[in-house]
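Novice: File name entry.cif; file contents mmCIF, C-alpha atoms; full text below.
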data_target
loop_
_atom_site.group_PDB
_atom_site.id
_atom_site.type_symbol
_atom_site.label_atom_id
_atom_site.label_comp_id
_atom_site.auth_asym_id
_atom_site.auth_seq_id
_atom_site.Cartn_x
_atom_site.Cartn_y
_atom_site.Cartn_z
ATOM 1 C CA MET H 275 -7.438 29.444 -5.804
ATOM 2 C CA ALA H 276 -10.329 29.353 -8.258
ATOM 3 C CA ALA H 277 -10.014 26.960 -11.199
ATOM 4 C CA ARG H 278 -9.294 28.517 -14.585
ATOM 5 C CA SER H 279 -11.081 27.476 -17.748
ATOM 6 C CA ILE H 280 -8.780 26.019 -20.412
ATOM 7 C CA ALA H 281 -11.218 26.183 -23.335
ATOM 8 C CA SER H 282 -14.775 26.883 -24.440
ATOM 9 C CA LEU H 283 -16.884 24.560 -26.557
ATOM 10 C CA THR H 284 -20.445 23.626 -27.383
ATOM 11 C CA VAL H 285 -22.140 20.353 -26.492
ATOM 12 C CA SER H 286 -24.567 19.588 -29.325
ATOM 13 C CA PHE H 287 -27.297 16.942 -29.425
ATOM 14 C CA GLY H 288 -30.174 17.187 -31.846
ATOM 15 C CA LEU H 289 -30.983 20.883 -32.271
ATOM 16 C CA VAL H 290 -29.896 21.712 -28.714
ATOM 17 C CA ALA H 291 -26.574 23.517 -28.231
ATOM 18 C CA ILE H 292 -25.090 24.024 -24.757
ATOM 19 C CA PRO H 293 -22.182 26.477 -24.428
ATOM 20 C CA VAL H 294 -19.765 25.195 -21.771
ATOM 21 C CA LYS H 295 -16.383 25.957 -20.289
ATOM 22 C CA LEU H 296 -13.768 23.239 -20.004
ATOM 23 C CA TYR H 297 -11.719 22.642 -16.851
ATOM 24 C CA SER H 298 -9.064 20.015 -16.305
ATOM 25 C CA ALA H 299 -10.370 17.531 -13.732
ATOM 26 C CA THR H 300 -6.944 16.146 -12.839
ATOM 27 C CA GLU H 301 -3.412 17.389 -12.463
ATOM 28 C CA SER H 302 -0.383 15.231 -13.008
ATOM 29 C CA LYS H 303 2.078 15.448 -10.155
ATOM 30 C CA GLY H 304 4.618 13.624 -12.285
ATOM 31 C CA GLY H 305 6.427 12.355 -9.212
ATOM 32 C CA ILE H 306 9.657 13.922 -8.006
ATOM 33 C CA SER H 307 12.084 14.494 -10.860
ATOM 34 C CA PHE H 308 15.858 14.328 -10.633
ATOM 35 C CA ASN H 309 18.362 15.985 -12.972
ATOM 36 C CA LEU H 310 21.311 14.104 -14.406
ATOM 37 C CA LEU H 311 24.636 15.493 -13.147
ATOM 38 C CA HIS H 312 28.320 14.859 -13.761
ATOM 39 C CA SER H 313 29.435 12.870 -10.683
ATOM 40 C CA LYS H 314 32.861 14.561 -10.545
ATOM 41 C CA CYS H 315 31.840 18.235 -10.563
ATOM 42 C CA GLY H 316 28.041 18.161 -10.040
ATOM 43 C CA SER H 317 27.247 20.077 -13.257
ATOM 44 C CA ARG H 318 24.207 19.359 -15.435
ATOM 45 C CA VAL H 319 24.666 16.940 -18.319
ATOM 46 C CA ARG H 320 23.855 18.310 -21.784
ATOM 47 C CA TYR H 321 22.842 16.139 -24.725
ATOM 48 C CA GLN H 322 23.480 16.761 -28.403
ATOM 49 C CA THR H 323 21.379 15.647 -31.372
ATOM 50 C CA MET H 324 23.596 13.489 -33.538
ATOM 51 C CA CYS H 325 23.230 12.102 -37.049
ATOM 52 C CA ALA H 326 23.503 8.318 -36.745
ATOM 53 C CA ARG H 327 25.139 7.905 -40.176
ATOM 54 C CA GLU H 328 27.548 10.890 -40.317
ATOM 55 C CA GLU H 329 28.135 10.942 -36.528
ATOM 56 C CA ILE H 330 28.062 14.739 -36.383
ATOM 57 C CA PRO H 331 25.905 17.078 -34.238
ATOM 58 C CA ILE H 332 22.980 18.702 -36.068
ATOM 59 C CA GLY H 333 20.716 21.663 -35.257
ATOM 60 C CA ARG H 334 16.943 21.717 -34.830
ATOM 61 C CA ASP H 335 16.478 23.435 -38.196
ATOM 62 C CA GLU H 336 17.946 20.356 -39.896
ATOM 63 C CA ILE H 337 15.467 17.918 -38.358
ATOM 64 C CA VAL H 338 12.302 16.725 -40.127
ATOM 65 C CA LYS H 339 9.783 13.992 -39.251
ATOM 66 C CA GLY H 340 9.655 10.702 -41.136
ATOM 67 C CA TYR H 341 7.742 7.426 -41.104
ATOM 68 C CA GLU H 342 9.613 4.102 -41.264
ATOM 69 C CA PHE H 343 7.721 1.978 -43.814
ATOM 70 C CA ALA H 344 10.480 -0.681 -44.022
ATOM 71 C CA LYS H 345 13.696 -1.433 -42.149
ATOM 72 C CA ASP H 346 15.791 1.787 -42.232
ATOM 73 C CA GLN H 347 13.597 3.212 -45.027
ATOM 74 C CA TYR H 348 11.631 6.390 -44.364
ATOM 75 C CA VAL H 349 9.273 8.786 -46.092
ATOM 76 C CA MET H 350 9.715 12.368 -44.913
ATOM 77 C CA PHE H 351 7.003 14.948 -44.199
ATOM 78 C CA THR H 352 7.371 18.694 -43.970
ATOM 79 C CA PRO H 353 5.656 20.623 -41.156
ATOM 80 C CA GLU H 354 3.202 22.021 -43.721
ATOM 81 C CA GLU H 355 2.243 18.537 -44.944
ATOM 82 C CA LEU H 356 1.684 17.321 -41.376
ATOM 83 C CA LYS H 357 -0.450 20.385 -40.642
ATOM 84 C CA GLN H 358 -2.768 19.522 -43.529
ATOM 85 C CA LEU H 359 -3.242 15.991 -42.174
ATOM 86 C CA GLU H 360 -4.323 17.166 -38.730
ATOM 87 C CA GLU H 361 -7.963 17.235 -37.682
ATOM 88 C CA VAL H 362 -9.434 20.733 -37.688
ATOM 89 C CA GLY H 363 -10.640 21.758 -34.250
ATOM 90 C CA THR H 364 -14.436 21.997 -34.167
ATOM 91 C CA HIS H 365 -14.879 23.586 -30.707
ATOM 92 C CA SER H 366 -17.888 21.296 -30.425
ATOM 93 C CA ALA H 367 -18.636 17.950 -28.776
ATOM 94 C CA ASP H 368 -21.200 16.352 -31.072
ATOM 95 C CA ILE H 369 -23.352 13.716 -29.353
ATOM 96 C CA VAL H 370 -23.945 10.526 -31.361
ATOM 97 C CA GLU H 371 -25.748 8.231 -28.894
ATOM 98 C CA PHE H 372 -26.736 7.649 -25.271
ATOM 99 C CA VAL H 373 -25.776 4.430 -23.489
ATOM 100 C CA PRO H 374 -26.021 3.092 -19.912
ATOM 101 C CA ILE H 375 -23.075 4.298 -17.841
ATOM 102 C CA ALA H 376 -22.323 0.733 -16.716
ATOM 103 C CA ALA H 377 -21.999 -0.333 -20.371
ATOM 104 C CA ILE H 378 -18.570 1.314 -20.710
ATOM 105 C CA ASP H 379 -15.634 -0.567 -19.238
ATOM 106 C CA PRO H 380 -13.429 1.858 -17.217
ATOM 107 C CA VAL H 381 -10.401 0.444 -19.067
ATOM 108 C CA TYR H 382 -11.422 2.805 -21.911
ATOM 109 C CA PHE H 383 -11.262 5.893 -19.665
ATOM 110 C CA ASP H 384 -8.608 8.478 -20.528
ATOM 111 C CA LYS H 385 -8.286 12.137 -19.501
ATOM 112 C CA ALA H 386 -11.239 13.757 -17.709
ATOM 113 C CA TYR H 387 -12.563 17.329 -17.821
ATOM 114 C CA TYR H 388 -15.196 19.156 -15.804
ATOM 115 C CA LEU H 389 -17.851 21.015 -17.776
ATOM 116 C CA ALA H 390 -19.481 24.187 -16.456
ATOM 117 C CA PRO H 391 -22.171 26.255 -18.196
ATOM 118 C CA ASP H 392 -20.900 29.235 -20.172
ATOM 119 C CA LYS H 393 -22.820 32.454 -20.733
ATOM 120 C CA GLY H 394 -26.436 31.656 -21.638
ATOM 121 C CA GLY H 395 -25.983 27.936 -21.047
ATOM 122 C CA ALA H 396 -27.164 27.513 -17.426
ATOM 123 C CA LYS H 397 -30.706 26.339 -18.261
ATOM 124 C CA PRO H 398 -29.891 23.772 -20.995
ATOM 125 C CA TYR H 399 -26.894 22.588 -18.944
ATOM 126 C CA ALA H 400 -29.070 21.891 -15.884
ATOM 127 C CA LEU H 401 -31.712 20.175 -18.033
ATOM 128 C CA PHE H 402 -29.144 17.983 -19.805
ATOM 129 C CA ALA H 403 -27.445 16.975 -16.521
ATOM 130 C CA LYS H 404 -30.746 16.060 -14.845
ATOM 131 C CA ALA H 405 -31.977 14.096 -17.864
ATOM 132 C CA LEU H 406 -28.743 12.053 -17.919
ATOM 133 C CA ARG H 407 -28.838 11.518 -14.168
ATOM 134 C CA GLU H 408 -32.422 10.250 -14.084
ATOM 135 C CA SER H 409 -32.022 8.071 -17.163
ATOM 136 C CA LYS H 410 -28.775 6.621 -15.758
ATOM 137 C CA ARG H 411 -27.191 7.105 -19.148
ATOM 138 C CA CYS H 412 -24.215 8.965 -20.550
ATOM 139 C CA ALA H 413 -23.682 10.707 -23.866
ATOM 140 C CA ILE H 414 -21.136 9.449 -26.414
ATOM 141 C CA GLY H 415 -19.796 11.772 -29.092
ATOM 142 C CA HIS H 416 -16.831 13.220 -31.019
ATOM 143 C CA TRP H 417 -14.547 16.099 -30.095
ATOM 144 C CA ALA H 418 -11.709 17.444 -32.241
ATOM 145 C CA THR H 419 -8.950 19.591 -30.774
ATOM 146 C CA ARG H 420 -5.210 20.192 -31.209
ATOM 147 C CA GLY H 421 -5.133 18.288 -34.465
ATOM 148 C CA LYS H 422 -6.703 15.106 -33.085
ATOM 149 C CA SER H 423 -10.167 13.569 -32.952
ATOM 150 C CA TYR H 424 -11.398 12.011 -29.709
ATOM 151 C CA ILE H 425 -14.282 9.845 -28.536
ATOM 152 C CA VAL H 426 -15.821 11.509 -25.500
ATOM 153 C CA MET H 427 -18.291 10.400 -22.874
ATOM 154 C CA ILE H 428 -20.288 13.047 -20.992
ATOM 155 C CA ARG H 429 -21.605 11.666 -17.716
ATOM 156 C CA PRO H 430 -23.490 13.272 -14.845
ATOM 157 C CA VAL H 431 -21.988 13.687 -11.394
ATOM 158 C CA GLU H 432 -23.607 15.075 -8.264
ATOM 159 C CA ASP H 433 -22.834 18.727 -9.015
ATOM 160 C CA GLY H 434 -22.545 18.803 -12.799
ATOM 161 C CA LEU H 435 -21.047 17.071 -15.824
ATOM 162 C CA VAL H 436 -17.759 15.351 -16.578
ATOM 163 C CA MET H 437 -16.454 14.916 -20.117
ATOM 164 C CA GLN H 438 -14.222 11.851 -20.267
ATOM 165 C CA GLN H 439 -11.973 11.152 -23.222
ATOM 166 C CA LEU H 440 -12.183 7.499 -24.245
ATOM 167 C CA LEU H 441 -9.556 5.331 -25.875
ATOM 168 C CA TYR H 442 -10.239 3.896 -29.315
ATOM 169 C CA ASP H 443 -10.855 0.170 -29.648
ATOM 170 C CA ASN H 444 -7.408 -0.463 -31.170
ATOM 171 C CA GLU H 445 -5.788 1.231 -28.153
ATOM 172 C CA VAL H 446 -7.204 -1.283 -25.656
ATOM 173 C CA ARG H 447 -5.999 -4.851 -25.500
ATOM 174 C CA SER H 448 -8.447 -7.689 -25.035
ATOM 175 C CA ILE H 449 -8.148 -9.736 -21.870
ATOM 176 C CA SER H 450 -8.461 -12.796 -24.104
ATOM 177 C CA ASP H 451 -4.886 -12.041 -25.245
ATOM 178 C CA ILE H 452 -3.735 -13.103 -21.777
ATOM 179 C CA ASP H 453 -3.356 -16.759 -20.858
ATOM 180 C CA ILE H 454 -5.643 -17.267 -17.830
ATOM 181 C CA PRO H 455 -6.041 -20.969 -16.972
ATOM 182 C CA ARG H 456 -9.471 -22.234 -15.941
ATOM 183 C CA THR H 457 -9.440 -23.247 -12.284
ATOM 184 C CA ASP H 458 -12.163 -24.734 -10.103
ATOM 185 C CA VAL H 459 -12.999 -22.928 -6.852
ATOM 186 C CA ARG H 460 -14.282 -24.876 -3.864
ATOM 187 C CA ASP H 461 -17.338 -23.644 -1.971
ATOM 188 C CA ALA H 462 -15.416 -23.427 1.316
ATOM 189 C CA GLU H 463 -12.730 -21.258 -0.285
ATOM 190 C CA LEU H 464 -15.361 -19.028 -1.866
ATOM 191 C CA LYS H 465 -17.163 -18.576 1.456
ATOM 192 C CA LEU H 466 -13.989 -17.512 3.252
ATOM 193 C CA ALA H 467 -13.049 -15.148 0.428
ATOM 194 C CA GLN H 468 -16.497 -13.525 0.617
ATOM 195 C CA GLN H 469 -16.141 -13.162 4.396
ATOM 196 C CA LEU H 470 -12.813 -11.416 3.867
ATOM 197 C CA ILE H 471 -14.378 -9.070 1.301
ATOM 198 C CA ASP H 472 -17.257 -8.293 3.680
ATOM 199 C CA SER H 473 -14.824 -7.488 6.510
ATOM 200 C CA GLN H 474 -13.091 -4.864 4.327
ATOM 201 C CA SER H 475 -16.113 -3.463 2.480
ATOM 202 C CA SER H 476 -17.162 0.220 2.406
ATOM 203 C CA ASN H 477 -20.171 1.890 0.841
ATOM 204 C CA THR H 478 -18.157 4.847 -0.456
ATOM 205 C CA PHE H 479 -14.653 5.501 -1.782
ATOM 206 C CA ASP H 480 -12.666 8.099 0.176
ATOM 207 C CA PRO H 481 -9.479 8.972 -1.774
ATOM 208 C CA THR H 482 -8.165 11.154 1.096
ATOM 209 C CA GLN H 483 -7.266 8.073 3.129
ATOM 210 C CA TYR H 484 -4.663 7.019 0.544
ATOM 211 C CA LYS H 485 -1.281 8.789 0.571
ATOM 212 C CA ASP H 486 1.728 8.655 -1.747
ATOM 213 C CA ASP H 487 4.171 7.226 0.787
ATOM 214 C CA VAL H 488 7.012 7.009 -1.733
ATOM 215 C CA ALA H 489 6.783 10.714 -2.661
ATOM 216 C CA GLU H 490 6.688 11.714 1.022
ATOM 217 C CA ARG H 491 9.722 9.531 1.746
ATOM 218 C CA ILE H 492 11.695 11.034 -1.166
ATOM 219 C CA GLU H 493 10.749 14.600 -0.160
ATOM 220 C CA ALA H 494 11.957 13.944 3.387
ATOM 221 C CA ALA H 495 15.242 12.514 2.068
ATOM 222 C CA VAL H 496 15.745 15.533 -0.213
ATOM 223 C CA GLN H 497 15.192 17.887 2.728
ATOM 224 C CA GLN H 498 17.716 15.928 4.789
ATOM 225 C CA LYS H 499 20.246 16.295 1.975
ATOM 226 C CA VAL H 500 19.587 20.034 1.653
ATOM 227 C CA GLU H 501 20.154 20.475 5.397
ATOM 228 C CA GLY H 502 23.375 18.469 5.193
ATOM 229 C CA GLU H 503 22.122 15.528 7.202
ATOM 230 C CA GLN H 504 22.986 11.907 6.587
ATOM 231 C CA ILE H 505 20.100 9.875 5.165
ATOM 232 C CA THR H 506 19.183 6.938 7.368
ATOM 233 C CA LEU H 507 17.782 3.982 5.490
ATOM 234 C CA ALA H 508 14.890 2.231 7.199
ATOM 235 C CA GLU H 509 15.091 -1.517 7.434
ATOM 236 C CA GLU H 510 12.669 -3.457 5.304
ATOM 237 C CA PRO H 511 9.756 -4.789 7.363
ATOM 238 C CA GLU H 512 9.847 -8.497 8.002
ATOM 239 C CA GLY H 513 7.252 -10.364 6.015
ATOM 240 C CA GLY H 514 4.926 -12.827 7.653
ATOM 241 C CA ALA H 515 5.372 -16.549 7.340
ATOM 242 C CA GLN H 516 4.609 -17.752 3.848
ATOM 243 C CA ILE H 517 1.339 -19.654 3.769
ATOM 244 C CA ILE H 518 1.040 -22.035 0.865
ATOM 245 C CA ASP H 519 -2.406 -23.453 1.626
ATOM 246 C CA LEU H 520 -5.165 -21.206 0.230
ATOM 247 C CA MET H 521 -7.644 -21.991 3.009
ATOM 248 C CA GLU H 522 -5.057 -21.240 5.694
ATOM 249 C CA ALA H 523 -4.187 -17.951 3.947
ATOM 250 C CA LEU H 524 -7.843 -16.912 3.901
ATOM 251 C CA ARG H 525 -8.330 -17.842 7.555
ATOM 252 C CA ALA H 526 -5.188 -15.943 8.569
ATOM 253 C CA SER H 527 -6.358 -12.896 6.631
ATOM 254 C CA LEU H 528 -9.725 -12.981 8.395
ATOM 255 C CA GLU H 529 -8.072 -13.243 11.802
ATOM 256 C CA LYS H 530 -5.772 -10.315 10.992
ATOM 257 C CA LYS H 531 -8.717 -8.142 9.927
ATOM 258 C CA GLY H 532 -10.814 -9.245 12.895
ATOM 259 C CA GLY H 533 -13.631 -10.274 10.604
ATOM 260 C CA GLY H 534 -13.822 -13.927 11.527
ATOM 261 C CA ALA H 535 -11.247 -14.848 14.133
ATOM 262 C CA ALA H 536 -13.474 -17.153 16.211
ATOM 263 C CA PRO H 537 -14.927 -19.166 13.294
ATOM 264 C CA ALA H 538 -11.492 -19.412 11.761
ATOM 265 C CA LYS H 539 -9.938 -20.758 14.984
ATOM 266 C CA LYS H 540 -12.724 -23.296 15.415
ATOM 267 C CA ALA H 541 -12.318 -24.461 11.837
ATOM 268 C CA ALA H 542 -8.542 -24.718 12.257
ATOM 269 C CA ALA H 543 -8.935 -26.681 15.528
ATOM 270 C CA ALA H 544 -11.439 -29.026 13.923
ATOM 271 C CA THR H 545 -9.102 -29.577 10.990
ATOM 272 C CA LYS H 546 -6.176 -30.265 13.334
ATOM 273 C CA SER H 547 -8.201 -32.732 15.413
ATOM 274 C CA ALA H 548 -9.437 -34.514 12.317
ATOM 275 C CA ARG H 549 -5.846 -35.098 11.213
ATOM 276 C CA LYS H 550 -5.035 -37.179 14.403
ATOM 277 C CA PRO H 551 -5.436 -40.969 14.084
ATOM 278 C CA ALA H 552 -8.667 -41.998 15.846
ATOM 279 C CA LYS H 553 -7.163 -45.041 17.656
ATOM 280 C CA ARG H 554 -4.318 -43.014 19.120
ATOM 281 C CA VAL H 555 -6.673 -40.359 20.477
ATOM 282 C CA GLN H 556 -8.926 -43.000 22.105
ATOM 283 C CA ALA H 557 -5.931 -44.802 23.694
ATOM 284 C CA LEU H 558 -4.590 -41.564 25.183
ATOM 285 C CA GLU H 559 -7.990 -40.635 26.600
ATOM 286 C CA ALA H 560 -8.427 -44.121 28.214
ATOM 287 C CA GLU H 561 -4.940 -43.959 29.718
ATOM 288 C CA GLU H 562 -5.624 -40.511 31.243
ATOM 289 C CA GLU H 563 -8.905 -41.668 32.802
ATOM 290 C CA ALA H 564 -7.289 -44.776 34.408
ATOM 291 C CA ALA H 565 -4.188 -43.001 35.768
ATOM 292 C CA PRO H 566 -3.993 -41.374 39.275
ATOM 293 C CA ALA H 567 -4.172 -37.588 39.470
ATOM 294 C CA PRO H 568 -0.391 -36.875 39.569
ATOM 295 C CA LYS H 569 0.233 -39.305 36.758
ATOM 296 C CA ARG H 570 -2.638 -37.784 34.774
ATOM 297 C CA LYS H 571 -1.010 -34.385 35.011
ATOM 298 C CA ALA H 572 2.294 -35.821 33.880
ATOM 299 C CA ALA H 573 0.567 -37.495 30.976
ATOM 300 C CA LYS H 574 -0.997 -34.227 29.987
ATOM 301 C CA ARG H 575 2.364 -32.508 30.146
ATOM 302 C CA THR H 576 3.890 -35.229 28.016
ATOM 303 C CA LYS H 577 1.061 -34.911 25.531
#
What is this file in structure tokens?

Specialist:
Amino acid sequence: MAARSIASLTVSFGLVAIPVKLYSATESKGGISFNLLHSKCGSRVRYQTMCAREEIPIGRDEIVKGYEFAKDQYVMFTPEELKQLEEVGTHSADIVEFVPIAAIDPVYFDKAYYLAPDKGGAKPYALFAKALRESKRCAIGHWATRGKSYIVMIRPVEDGLVMQQLLYDNEVRSISDIDIPRTDVRDAELKLAQQLIDSQSSNTFDPTQYKDDVAERIEAAVQQKVEGEQITLAEEPEGGAQIIDLMEALRASLEKKGGGAAPAKKAAAATKSARKPAKRVQALEAEEEAAPAPKRKAAKRTK
């Protein structure tokens, strides 16, 4: 089914105006929702809006919005007052600056929209997209809609343009707010970690190879219930042995991925041999050389 435009707007930079149509780039599946039911009769549960002080049910026409400026103290606003405070929709994305695409941390990314040229906008749209693509930059601007003002980033993709809403600075926490201790990394650990990364590296991202296993499992269980079948619960898979040593964990990961099994085994064998006392190893070897063949075999079995 062909995508439907959700709005029309104009992308403006300098004296250039590009009429475009707006399409939602994503759709929220929202997971699988369950209704709340009365366990005795299976009927839906209905909620009432109650006044916390008078403990009586109230209707929607008696409800207004208020802001709590102190503990249990509010200032109330009428719908008309709130309407006056809203940002007036401009139907225009006004470009303020152009920055390198890599300069924007993806943590600021919010909702995304596809842009397509509207009537009379094919030529400036194509020119704008190609100029952004070759300059490796994106456009930053303002867009006001539905009573709110947004920062937007317009970036080129292979077949067109994407307008990405960005979060404001006060909506993104700084990583410096998190306590991350400084820790030294050994060269050997770093080398193994890089080998593991190389063994699982791809040049492109293919989202089709990732599936929502939880949603599929719930859908199957729902279907079983609808058909009157008993749901069988799968046993939890047994976890592997817990490896405390970081180097051993990296080596085991490489062996599992097949990206360094031989080097890892050699390194593990060398480490194991190095842990044996030198005198004991030499004594055992001398004893094996001096013993007759049958005894030598027995010694090996004992060892």

Novice: Please report the interatomic distance between CA of Thr323 (chain H) and CA of Gln347 (chain H) in Å with one decimal.

Specialist: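 Interatomic distance, CA of Thr323 (chain H) to CA of Gln347 (chain H): 20.0 Å.
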
Novice: So what do you get for CA of Tyr297 (chain H) versus CA of Ala418 (chain H), distance-wise?

Specialist: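 Computing the Euclidean distance for CA of Tyr297 (chain H) and CA of Ala418 (chain H) yields 16.2 Å.
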
Novice: Considering all atoms listed in the file, state which residue in the set H:Glu328, H:Glu342, H:Glu445, H:Glu336 is at the smallest distance from Val381 (chain H).

Specialist: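 For Val381 (chain H), the nearest of the given residues is H:Glu445.
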
Novice: Using only C-alpha atoms, which of H:Val431, H:Ile449, H:Gln483, H:Val426 sits nearest Ala405 (chain H)?

Specialist: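 When distances to Ala405 (chain H) are compared using only C-alpha atoms, the smallest one comes from H:Val431.
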
Novice: Between CA of Ile378 (chain H) and CA of Ser409 (chain H), what is the distance in Å, rounded to a tenth?

Specialist: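 The value is 15.5 Å.
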
Novice: On this structure, the PyMOL selection byres ((chain H and resi 298) around 10) would catch which residues? List them as a short mmCIF file (atom, residue, chain, number, x, y, z; two decimals) with C-alpha atoms, keeping the file's coordinate frame, sorted by chain and number.

Specialist:
data_model
loop_
_atom_site.label_atom_id
_atom_site.label_comp_id
_atom_site.auth_asym_id
_atom_site.auth_seq_id
_atom_site.Cartn_x
_atom_site.Cartn_y
_atom_site.Cartn_z
CA ALA H 277 -10.01 26.96 -11.20
CA ARG H 278 -9.29 28.52 -14.58
CA SER H 279 -11.08 27.48 -17.75
CA ILE H 280 -8.78 26.02 -20.41
CA ALA H 281 -11.22 26.18 -23.34
CA LEU H 296 -13.77 23.24 -20.00
CA TYR H 297 -11.72 22.64 -16.85
CA ALA H 299 -10.37 17.53 -13.73
CA THR H 300 -6.94 16.15 -12.84
CA GLU H 301 -3.41 17.39 -12.46
CA LYS H 385 -8.29 12.14 -19.50
CA ALA H 386 -11.24 13.76 -17.71
CA TYR H 387 -12.56 17.33 -17.82
CA TYR H 388 -15.20 19.16 -15.80
CA LEU H 389 -17.85 21.02 -17.78
CA VAL H 436 -17.76 15.35 -16.58
CA MET H 437 -16.45 14.92 -20.12
#

Novice: Evaluating the PyMOL selection byres ((chain H and resi 283-295) around 7) on the displayed file yields which residues, as an NGL selection string?

Specialist: :H and (279 or 281-282 or 296-297 or 365-369 or 389-392 or 395 or 398-399)

Novice: Using all atoms listed in the file, which residue out of H:Ser313, H:Ser307, H:Gln438, H:Gln358 lies closest to Val496 (chain H)?

Specialist: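 Looking only at the distances to Val496 (chain H), the closest residue turns out to be H:Ser307.
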
Novice: Determine the nearest neighbour of Arg429 (chain H) from the options H:Lys530, H:Arg491, H:Lys404, H:His416, counting all atoms listed in the file.

Specialist: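 The shortest atom-to-atom distance to Arg429 (chain H) comes from H:Lys404.
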
Novice: When the PyMOL selection byres ((chain H and resi 371) around 8) is applied to the file above, which residues end up in the set, as number ranges by chain?

Specialist: H: 369-370, 372-373, 413-415

Novice: Hey, what's within 12 Å of region 337-340 of chain H if we count all atoms listed in the file and toss same-chain stuff fewer than 3 positions away? As a VMD selection string, please?

Specialist: chain H and resid 323 to 325 331 to 334 343 to 344 346 to 356

Novice: Padding 4 Å on every side, please: axis-aligned box over the listed atoms of region 517-528 of chain H, centre and edge lengths to one decimal in Å, as JSON.

Specialist:
{"center_x": -4.2, "center_y": -18.2, "center_z": 4.4, "size_x": 19.1, "size_y": 18.6, "size_z": 16.3}

Novice: Near Asp443 (chain H), within 12 Å and counting all atoms listed in the file, which residues show up once chain neighbours fewer than 6 positions away are dropped, as a ChimeraX atom specification?

Specialist: /H:378-379,381-383,424-425

Novice: Of the candidates H:Ala396, H:Val500, H:Ile492, H:Ile454, which one gets nearest to Gly305 (chain H) if we count all atoms listed in the file?

Specialist: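 The shortest atom-to-atom distance to Gly305 (chain H) comes from H:Ile492.
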
Novice: Taking (-15.3, -14.0, 3.5) in the file's coordinates, which residues come within 12 Å, counting only C-alpha atoms, written as a ChimeraX atom specification?

Specialist: /H:461-475,521,523-529,531-535,537-538
